[in-house]
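Presented below is the structure to which this report refers.
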Amino acid sequence: MKNTVRTFQMAKEKGEKLTMLTAYDYSTAKLMDEAGINAILVGDSLGNTMLGYEDTISVTMEDMIHHGAAVARGTTNTMVVVDMPFMSYQTSVYDALVNAGRLMKEGRANAVKLEGGASVCEQIKAITDAGIPVMAHLGLTPQSINAFGGNRVQGKSEEAAKQLIADALAVQEAGAFAVVLECIPAKLAAIITKKLSIPTIGIGAGNECDGQILVYQDMLGMFSDYIPKFAKKFADVGTMMKTAFADYIKEVSEGSYPAPEHTFKIDDDVLDKLY
Ligand code: KIV
């Protein structure tokens, strides 16, 4: 069955955990869909993991549309959420609406995600009023890395924790169907999760959130530029890939690949006429 916003709401009501991973291409999305993931986020983390930028600031609408449509082609039952990139919604409600529409029409998204609390609630309301589901994102919001002064755990002081609770309630009130909580103390995430009627999706926010998300290269050990504390390596695919690449280089260099079973035949009488 296709996962939708209703799946998210029903999971919250029944206390069933939701699963999300990021993906940015057709074949990875297809594998995740077959594995039964509830939703894929085409995150603007693609700026780091796919495009090699230091942060997500340079990611464009065209990048998100390109990768969103590829992921959508690889999914059957999985819900596809596409990130709104930096400055595609902060500038105005109008820009937010136009760009969310493009992510749906051209990027084939089922929902969009944007970062921020009370300051982007007008945008969340306008986008949801237009029939586009919005996932909110609070805590360590990477598009604000320059304002935060680096990747820091958020919500540790009383004031910051109260602000996060207020923002979570505000994005829910504005119409968000779920909210990502990134890099905040587990006990604060648990309080927010209890206060909200929409599901919380944690990343570095403990196991009392209603669901979890990870960047797929982090959980497969494929990205070594920066390894967050919360990122459990579920498989060492990075090492497997490097071993396979090295084996390929060796076999091609020594002439053992391609072997006869990898080659195509031609009839001898055709061959004779070629000499
Ligand atoms: O862009 C992204 O991958 C994200 C997740 C880390 C939540 O926003």
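Just remember, in the structure tokens the first chain shown is A, the second B, etc., residues are 1-based per chain, and ligands are 1-based in the order shown.
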
Within 9 Å of ligand 1 (only C-alpha atoms and all ligand atoms), residues as a PyMOL selection string: chain A and resi 21-23+41-47+56+82-83+113-115+137+141-142+180-182+201-203+213-216

Quick one: write out the picked residues with N, CA, C and O atoms as a JSON list (two decimals), in the first residue's frame?
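Result file follows (result-v9.json):
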```json
[["chain", "number", "residue", "atom", "x", "y", "z"],
["A", 21, "LEU", "N", 14.53, 7.28, 5.28],
["A", 21, "LEU", "CA", 15.95, 7.42, 4.92],
["A", 21, "LEU", "C", 16.03, 8.47, 3.82],
["A", 21, "LEU", "O", 15.03, 8.72, 3.12],
["A", 22, "THR", "N", 17.19, 9.05, 3.65],
["A", 22, "THR", "CA", 17.36, 9.90, 2.48],
["A", 22, "THR", "C", 17.73, 9.02, 1.29],
["A", 22, "THR", "O", 18.27, 7.93, 1.46],
["A", 23, "ALA", "N", 17.42, 9.50, 0.09],
["A", 23, "ALA", "CA", 17.93, 8.89, -1.15],
["A", 23, "ALA", "C", 17.90, 9.98, -2.20],
["A", 23, "ALA", "O", 17.16, 10.98, -2.06],
["A", 41, "LEU", "N", 13.31, 10.80, 2.02],
["A", 41, "LEU", "CA", 13.54, 12.24, 1.92],
["A", 41, "LEU", "C", 14.62, 12.47, 0.88],
["A", 41, "LEU", "O", 15.74, 11.97, 1.02],
["A", 42, "VAL", "N", 14.26, 13.20, -0.17],
["A", 42, "VAL", "CA", 15.29, 13.69, -1.08],
["A", 42, "VAL", "C", 15.80, 14.97, -0.41],
["A", 42, "VAL", "O", 15.26, 16.06, -0.59],
["A", 43, "GLY", "N", 16.79, 14.76, 0.46],
["A", 43, "GLY", "CA", 17.25, 15.86, 1.31],
["A", 43, "GLY", "C", 18.20, 16.78, 0.56],
["A", 43, "GLY", "O", 18.90, 16.35, -0.36],
["A", 44, "ASP", "N", 18.25, 18.03, 1.03],
["A", 44, "ASP", "CA", 19.25, 18.92, 0.42],
["A", 44, "ASP", "C", 20.65, 18.55, 0.92],
["A", 44, "ASP", "O", 21.65, 19.12, 0.48],
["A", 45, "SER", "N", 20.73, 17.53, 1.80],
["A", 45, "SER", "CA", 22.02, 16.93, 2.15],
["A", 45, "SER", "C", 22.71, 16.37, 0.90],
["A", 45, "SER", "O", 23.89, 16.04, 0.95],
["A", 46, "LEU", "N", 21.98, 16.28, -0.21],
["A", 46, "LEU", "CA", 22.61, 15.86, -1.46],
["A", 46, "LEU", "C", 23.72, 16.82, -1.83],
["A", 46, "LEU", "O", 24.65, 16.46, -2.57],
["A", 47, "GLY", "N", 23.63, 18.05, -1.32],
["A", 47, "GLY", "CA", 24.72, 19.02, -1.55],
["A", 47, "GLY", "C", 26.04, 18.48, -1.01],
["A", 47, "GLY", "O", 27.08, 18.62, -1.65],
["A", 56, "THR", "N", 24.77, 22.88, 2.71],
["A", 56, "THR", "CA", 23.61, 22.75, 1.81],
["A", 56, "THR", "C", 23.22, 24.08, 1.16],
["A", 56, "THR", "O", 22.26, 24.12, 0.38],
["A", 82, "VAL", "N", 10.42, 15.92, -0.69],
["A", 82, "VAL", "CA", 11.56, 16.63, -1.29],
["A", 82, "VAL", "C", 11.82, 17.92, -0.52],
["A", 82, "VAL", "O", 10.89, 18.69, -0.23],
["A", 83, "ASP", "N", 13.10, 18.14, -0.18],
["A", 83, "ASP", "CA", 13.49, 19.34, 0.56],
["A", 83, "ASP", "C", 13.37, 20.60, -0.28],
["A", 83, "ASP", "O", 13.75, 20.60, -1.46],
["A", 113, "LYS", "N", 9.57, 19.43, 2.36],
["A", 113, "LYS", "CA", 10.05, 19.71, 3.72],
["A", 113, "LYS", "C", 10.76, 21.06, 3.71],
["A", 113, "LYS", "O", 11.46, 21.38, 2.75],
["A", 114, "LEU", "N", 10.53, 21.82, 4.76],
["A", 114, "LEU", "CA", 11.27, 23.08, 4.90],
["A", 114, "LEU", "C", 11.70, 23.26, 6.35],
["A", 114, "LEU", "O", 11.15, 22.65, 7.26],
["A", 115, "GLU", "N", 12.73, 24.08, 6.53],
["A", 115, "GLU", "CA", 13.35, 24.25, 7.85],
["A", 115, "GLU", "C", 12.82, 25.51, 8.53],
["A", 115, "GLU", "O", 12.65, 26.54, 7.88],
["A", 137, "HIS", "N", 10.91, 21.05, 9.98],
["A", 137, "HIS", "CA", 12.25, 20.59, 10.40],
["A", 137, "HIS", "C", 12.78, 21.59, 11.43],
["A", 137, "HIS", "O", 12.95, 22.77, 11.11],
["A", 141, "THR", "N", 19.06, 22.91, 12.05],
["A", 141, "THR", "CA", 18.58, 23.04, 10.67],
["A", 141, "THR", "C", 19.77, 23.49, 9.81],
["A", 141, "THR", "O", 20.22, 24.64, 9.93],
["A", 142, "PRO", "N", 20.30, 22.57, 8.98],
["A", 142, "PRO", "CA", 21.58, 22.83, 8.31],
["A", 142, "PRO", "C", 21.62, 24.10, 7.44],
["A", 142, "PRO", "O", 22.69, 24.66, 7.24],
["A", 180, "VAL", "N", 10.53, 16.99, 11.56],
["A", 180, "VAL", "CA", 11.85, 16.39, 11.83],
["A", 180, "VAL", "C", 12.48, 17.15, 13.00],
["A", 180, "VAL", "O", 12.45, 18.38, 13.02],
["A", 181, "LEU", "N", 13.00, 16.40, 13.96],
["A", 181, "LEU", "CA", 13.73, 16.99, 15.08],
["A", 181, "LEU", "C", 15.18, 16.55, 14.95],
["A", 181, "LEU", "O", 15.48, 15.35, 15.08],
["A", 182, "GLU", "N", 16.07, 17.50, 14.66],
["A", 182, "GLU", "CA", 17.47, 17.12, 14.41],
["A", 182, "GLU", "C", 18.39, 17.61, 15.52],
["A", 182, "GLU", "O", 18.37, 18.80, 15.88],
["A", 201, "ILE", "N", 9.87, 13.01, 13.68],
["A", 201, "ILE", "CA", 10.84, 12.12, 13.04],
["A", 201, "ILE", "C", 12.22, 12.57, 13.53],
["A", 201, "ILE", "O", 12.65, 13.69, 13.24],
["A", 202, "GLY", "N", 12.88, 11.70, 14.27],
["A", 202, "GLY", "CA", 14.14, 12.09, 14.91],
["A", 202, "GLY", "C", 15.37, 11.76, 14.09],
["A", 202, "GLY", "O", 15.41, 10.76, 13.37],
["A", 203, "ILE", "N", 16.36, 12.62, 14.23],
["A", 203, "ILE", "CA", 17.71, 12.33, 13.72],
["A", 203, "ILE", "C", 18.66, 12.95, 14.75],
["A", 203, "ILE", "O", 18.71, 14.18, 14.89],
["A", 213, "ILE", "N", 14.96, 9.06, 10.96],
["A", 213, "ILE", "CA", 15.52, 9.25, 9.61],
["A", 213, "ILE", "C", 17.04, 9.27, 9.71],
["A", 213, "ILE", "O", 17.58, 9.76, 10.73],
["A", 214, "LEU", "N", 17.72, 8.74, 8.71],
["A", 214, "LEU", "CA", 19.18, 8.85, 8.61],
["A", 214, "LEU", "C", 19.54, 9.16, 7.16],
["A", 214, "LEU", "O", 18.79, 8.82, 6.23],
["A", 215, "VAL", "N", 20.68, 9.79, 6.99],
["A", 215, "VAL", "CA", 21.25, 9.97, 5.65],
["A", 215, "VAL", "C", 21.81, 8.61, 5.24],
["A", 215, "VAL", "O", 22.56, 7.99, 6.00],
["A", 216, "TYR", "N", 21.43, 8.12, 4.05],
["A", 216, "TYR", "CA", 21.72, 6.72, 3.76],
["A", 216, "TYR", "C", 23.22, 6.43, 3.66],
["A", 216, "TYR", "O", 23.68, 5.36, 4.05]]
```

DSSP-assigned strand (DSSP E) members of stretch 143-182 of chain A, reported as a PyMOL selection string: chain A and resi 178-182

Filtered DSSP result for stretch 102-250 of chain A, state helix (DSSP H, G or I), as a ChimeraX atom specification: /A:102-105,118-129,142-148,158-174,186-195,216-219,237-250

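Counting only C-alpha atoms and comparing A:Ile227, A:Val112, A:Met79, A:Cys209, the residue that lies closest to A:Ala29 is A:Met79.
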